[in-house]
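Q: Pasting a structure below so you can have a look.
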Number of protein chains: 2
Amino acid sequence: MQYEILDKINSPADLKQLSTAQLSKLALEITDYITQAVSQTGGHLASNLGVVDLTIAMHSVFDFSRDRLLWDVGHQCYAHKILTGRRELFKKLRQKDGLSGFPNPAESVYDQFTVGHAGSSIPTALGLALGAGKLGTNEKIVAFVGDASIVNGANFEALNNLGLVKRQMLIIMNDNSMAIDATQGSIAKFLLKVRLSHTYEDLRKTTNRILEHLPMFGKKMEDALENFKRTLRMAISPSRLFESLNIPYFGPVDGHDIGSLIQIFKAMSHLETPAILHVYTKKGKGFSPADDDPTRFHSTGPFKLNGDSAKAIATRKTFTECFSDSIVELAKENQKITAITAAMSDGTGLVQFREQFSDRHYDVGIAESVAVDIAAGQAKLGLKPFVCIYSTFLQRSFDQIFQEVALQKLGVVFCIDRAGLVGSDGPTHHGLMDIGFLRMMPNIVLIAPANGIELRAALKFAAASDLSAAIRYPKDYVEDGFCREAFSTPFELGKSIVLRQGTERLAVVAYGSMATEALKAAEVLKVDKIDITVINARFAKPLDEKIVLLLDQGFGIITVEDHSAAGGFGSAVLEAASAAGFDVSKITVLGIGDEFIGADKRSEQLDACGISAEKIAAAVRKVLQP
Amino acid sequence: MQYEILDKINSPADLKQLSTAQLSKLALEITDYITQAVSQTGGHLASNLGVVDLTIAMHSVFDFSRDRLLWDVGHQCYAHKILTGRRELFKKLRQKDGLSGFPNPAESVYDQFTVGHAGSSIPTALGLALGAGKLGTNEKIVAFVGDASIVNGANFEALNNLGLVKRQMLIIMNDNSMAIDATQGSIAKFLLKVRLSHTYEDLRKTTNRILEHLPMFGKKMEDALENFKRTLRMAISPSRLFESLNIPYFGPVDGHDIGSLIQIFKAMSHLETPAILHVYTKKGKGFSPADDDPTRFHSTGPFKLNGDSAKAIATRKTFTECFSDSIVELAKENQKITAITAAMSDGTGLVQFREQFSDRHYDVGIAESVAVDIAAGQAKLGLKPFVCIYSTFLQRSFDQIFQEVALQKLGVVFCIDRAGLVGSDGPTHHGLMDIGFLRMMPNIVLIAPANGIELRAALKFAAASDLSAAIRYPKDYVEDGFCREAFSTPFELGKSIVLRQGTERLAVVAYGSMATEALKAAEVLKVDKIDITVINARFAKPLDEKIVLLLDQGFGIITVEDHSAAGGFGSAVLEAASAAGFDVSKITVLGIGDEFIGADKRSEQLDACGISAEKIAAAVRKVLQP
């Protein structure tokens, strides 16, 4: 496909030659370019289309090869990547040796931090601003944050500390009234009310007033701001929200009016104090299916572009889908079950639950810490809360799980989706530390189901238990075809199950979905007349003592986990064996090594990290024929 | 000592018989009682004295045996404990078999959650309110939170989600314009400005206006609130801060006027919606030394009561004090060093640094997440930030350390004070998970100095390195008398040092201050003609390969760490040994087991957990004479 303007843009400097009309045309071309590419690769679509105009305007004013642009969450940086010399590589988005779906300093000087979690843009911008203030350098610092992320506790802590900064620092609040799901919380409601009270004409007037007053800015900030505020005649203004934080506020303005945005950025870049600019955008703009259903197109797999309509390519059943069905079944039987999520009803599979049990479903927005505490409070009263958070985001709740759940011995169930390697989202999104950080806490049971059959059984087990349980499962399809009988054994606290009994004195002990890989390895090895035992651990804590007793029976053990080898399941086996005085030299731990894993297909990542069926088979051969 | 009123108070029910004058007298008696007891046991003084009046008023109105009172941080619950049947036991505050210095449901039905970290009261109250709403029960829920804690990100996330609650839930904001240090951040400054603009007369008027309007409340909340707001004539009102969050705000009122407080609580207890009451108190009220210097008396050891003046009992030099001197020395040499803390300049030993390098010192208030990100931003620009946070509070920054530091490979230094068992503060404050959670992250070096000599050397090593380093040290005195020559060996990445070479084929490998315990164990064993080798590991990551090579030389190894045995230093040794194919049955791991450790002297805790010199010696004997 050929693009009249886009094809000539090799760096943001090329934007400076273009007229506003040309920039608007470029925006349409980029929208098309992103849609085409994402239909092939999958990725975040709606959020990226919403900020194409804004991104063009930012790059037309700032020079982010030396100025610093911080993206919050980071999944909305596609136009930014395309404009900063990565247009061709963008076709290999989220693939091995292609582009990351998130900012990545290794790719470009235009990227500052590799991020994927919400709540880092204002805090790190604050650090950069304080650093630049200390060093006396004059680069501009811009934090770009959505209305859903700005309310994250970490961003709030940074906003509350913005007074430390005595130099320029611009926060652009991209308000699309929509996080991944509709934004939660009082501030979101407040912003929505403001938004609804505005006409397009109001936005124009505000823009004009900003431009009228801004040239006076600089040292005389305070007077000018007062003048600006006096001319604001909105019935409800978000300014009061930021006033108590003492942050100069401007807006709201239209985030699709490139010409005005450029003028505003030019004027605001001279402010010698932190300030916030409130911009309205439309998620999914320019691609009607995404425009109509931004949640569906928030993070999408590859899809077919059919003229203007898009249809997802059909897929097999995932762990998330099995969870979705199981939690609904359980909630029907048990009125005490509630479900809590942090802006991830869709991603964690709670949409069905929300539809059927809206009064038992709580979405707190991107606020993982409070999600866990709500569960703690509810469990204290005898309810049975299920907290549904991705493994990597649960890291935000480490301290709450420790103090507010484990220390209190409360029966909260953690449903940890995206545990293990996650494929194309890359290093910010892998969930490789949950076993390690949770197993240090007393009073928590750690479970990993091997497949859909077991996920259902694990949830049932946890629902019936008084204990706090953490159930981890990967971003993957379930494979329920193997050993159905063994897998159907009900869960019993701290009990593993034998999936196959071999003739070799060697057992592969798998945790979670690695059991499927281990079974496949066993099939492969059978061809070589190697007949191994495969055990499905089910629990990392309490660990089945039968596992280490295998050593006493002369077995060698290979543990397999989709988790950091340091501190994980294998490490728990080593500890138990060492405590029991067994020879641990006969244990081989397979897990993720001490490195960050880039984007690739999950199956390729499993292989590269040595935990695919093939690599497990190779490890077995190595142990047996050293 | 005899008290006229206090001696007769055995439960909050006894308060209901008393006149306001008697309650005021009771407050004076409790103030005296707390001061006497804390002078013997040590503890949090100033914050407790400030809320005696408020606590009496709360217990005069609510019945917290069924209503639920949530303390934030929890260190201000002394009067509450004294009033709820724990008066006598209070003399054994923070001691084994005595009372915890924090709320503890195991002690009393009047306590809800065992807490010690800031930012849990509003989130857990939110969970309780949602739970009670779901269950249809009518207990009152009260969250008690200081002005320093309310700005913590977790509390903010809960405030932003308060709209989920459709029933009573009262937040009492105890505003003493002072966290442990003077409160940081824009909201604090704003609240201070409000406070300074008020006279005592204003507070009276506000109180009267609340009482005038509140009886009308109930269903007609919104109208009444409007009426109340109209009568507020303050130049600057904190209401606007809470308005944007849509939280009804009342106040400020005088937190030492028990009679009025009781009337206000009675009226407010009927509100059928969440609301916030803003109360002014004076930290350290009623004990003039604490009143004059609340920071000194925030958390104090035992001190001598000399009439009204108090003098701390002189003590030996602590790790914190060594850190304090060392960081100042390093900062003199290196202009790029900055120091960042979260409301803990005093506790982490940064007061000297702040005095000498105020432009390189950053205190973000109780906001550990943003503290780490400020460091990340500064490191990105080539500065050398030292983040000073207690081990247990660093749990709040797990995700920031992962994403914003480790993943970016930035040279941030984490100075992790209070690592290990902390003595009388008990389970919320032990730092038993830092090795485990940090060693799963690539790009971070883990260091533990054995004593003051090594702490200085470790800081010097970290300052000169491009790597991110986490340096852990306990709440303890340094013992620099042993093996001075060995300890004076400069730090080299991943290199352990031999402290003594024995004749037995057994080495105790100690991490951090456990080296001193190991040396003492060796002395004890010498008497029995057992001559062991003692190794000071210095690094948990990268681990010195010489350590596991000892196995190859026929040595047995006993690892010792002041940390969870699961996932910790010993686990790292097991992993390395297993990976190298050595017989790990010859490794014994000594560390903290899978349980929460109550308050006691640190030395007693070390012994109870099996890592004192005596217990190390016993473990050696067991290995040698099984």
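For the structure tokens, the naming scheme is as follows: chains receive sequential letters (A, B, ...) according to their order of presentation, residues are indexed from 1 within each chain, and ligands are indexed from 1 in presentation order.
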Find the residues near stretch 466-483 of chain A: any atom within 7 Å, counting only C-alpha atoms, skip ones fewer than 4 places away on the same chain, and give them as an MDAnalysis selection string.
A: chainID A and resid 316:319 410:420 422 443:449 451:453 462 487 499 512
Q: Identify all residues of stretch 285-349 of chain A in strand (DSSP E) (DSSP on the backbone) and supply them as JSON, numbers by chain.
A: {"A": [299, 300, 303, 304, 305, 306, 309, 310, 311, 312, 337, 338, 339, 340, 341]}
Q: Any idea which chain A residues end up within 6 Å of chain B if we count only C-alpha atoms, as a PyMOL selection string please?
A: chain A and resi 123-124+127-128+131+153-154+157-158+160-161+185-187+241+244-245+369-370+373-374+377-378+395-396+399+437+440+442+566-567+578+581-585+594-595
Q: From a DSSP calculation on the backbone, collect every residue of stretch 243-484 of chain B in alpha helix (DSSP H) and output the set as a count of residues only.
A: 77
Q: Would you compute the distance between atom CA of A:Ser496 and atom CA of A:Asp325? Give it in Å to one decimal.
A: 24.7 Å
Q: For atom CA of A:Thr84 and atom CA of A:Ser11, determine how far apart the two atoms are, in Å to one decimal place.
A: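 So the answer is 4.9 Å.
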Q: Within 10 Å of stretch 53-57 of chain A, counting only C-alpha atoms, which residues show up once you throw out same-chain ones fewer than 2 positions away? Write them as an MDAnalysis selection string, please.
A: chainID A and resid 12 15 20 23:24 26:28 30:31 48:51 59:62 76:81 83 144 172 174 254:266 279:281 285
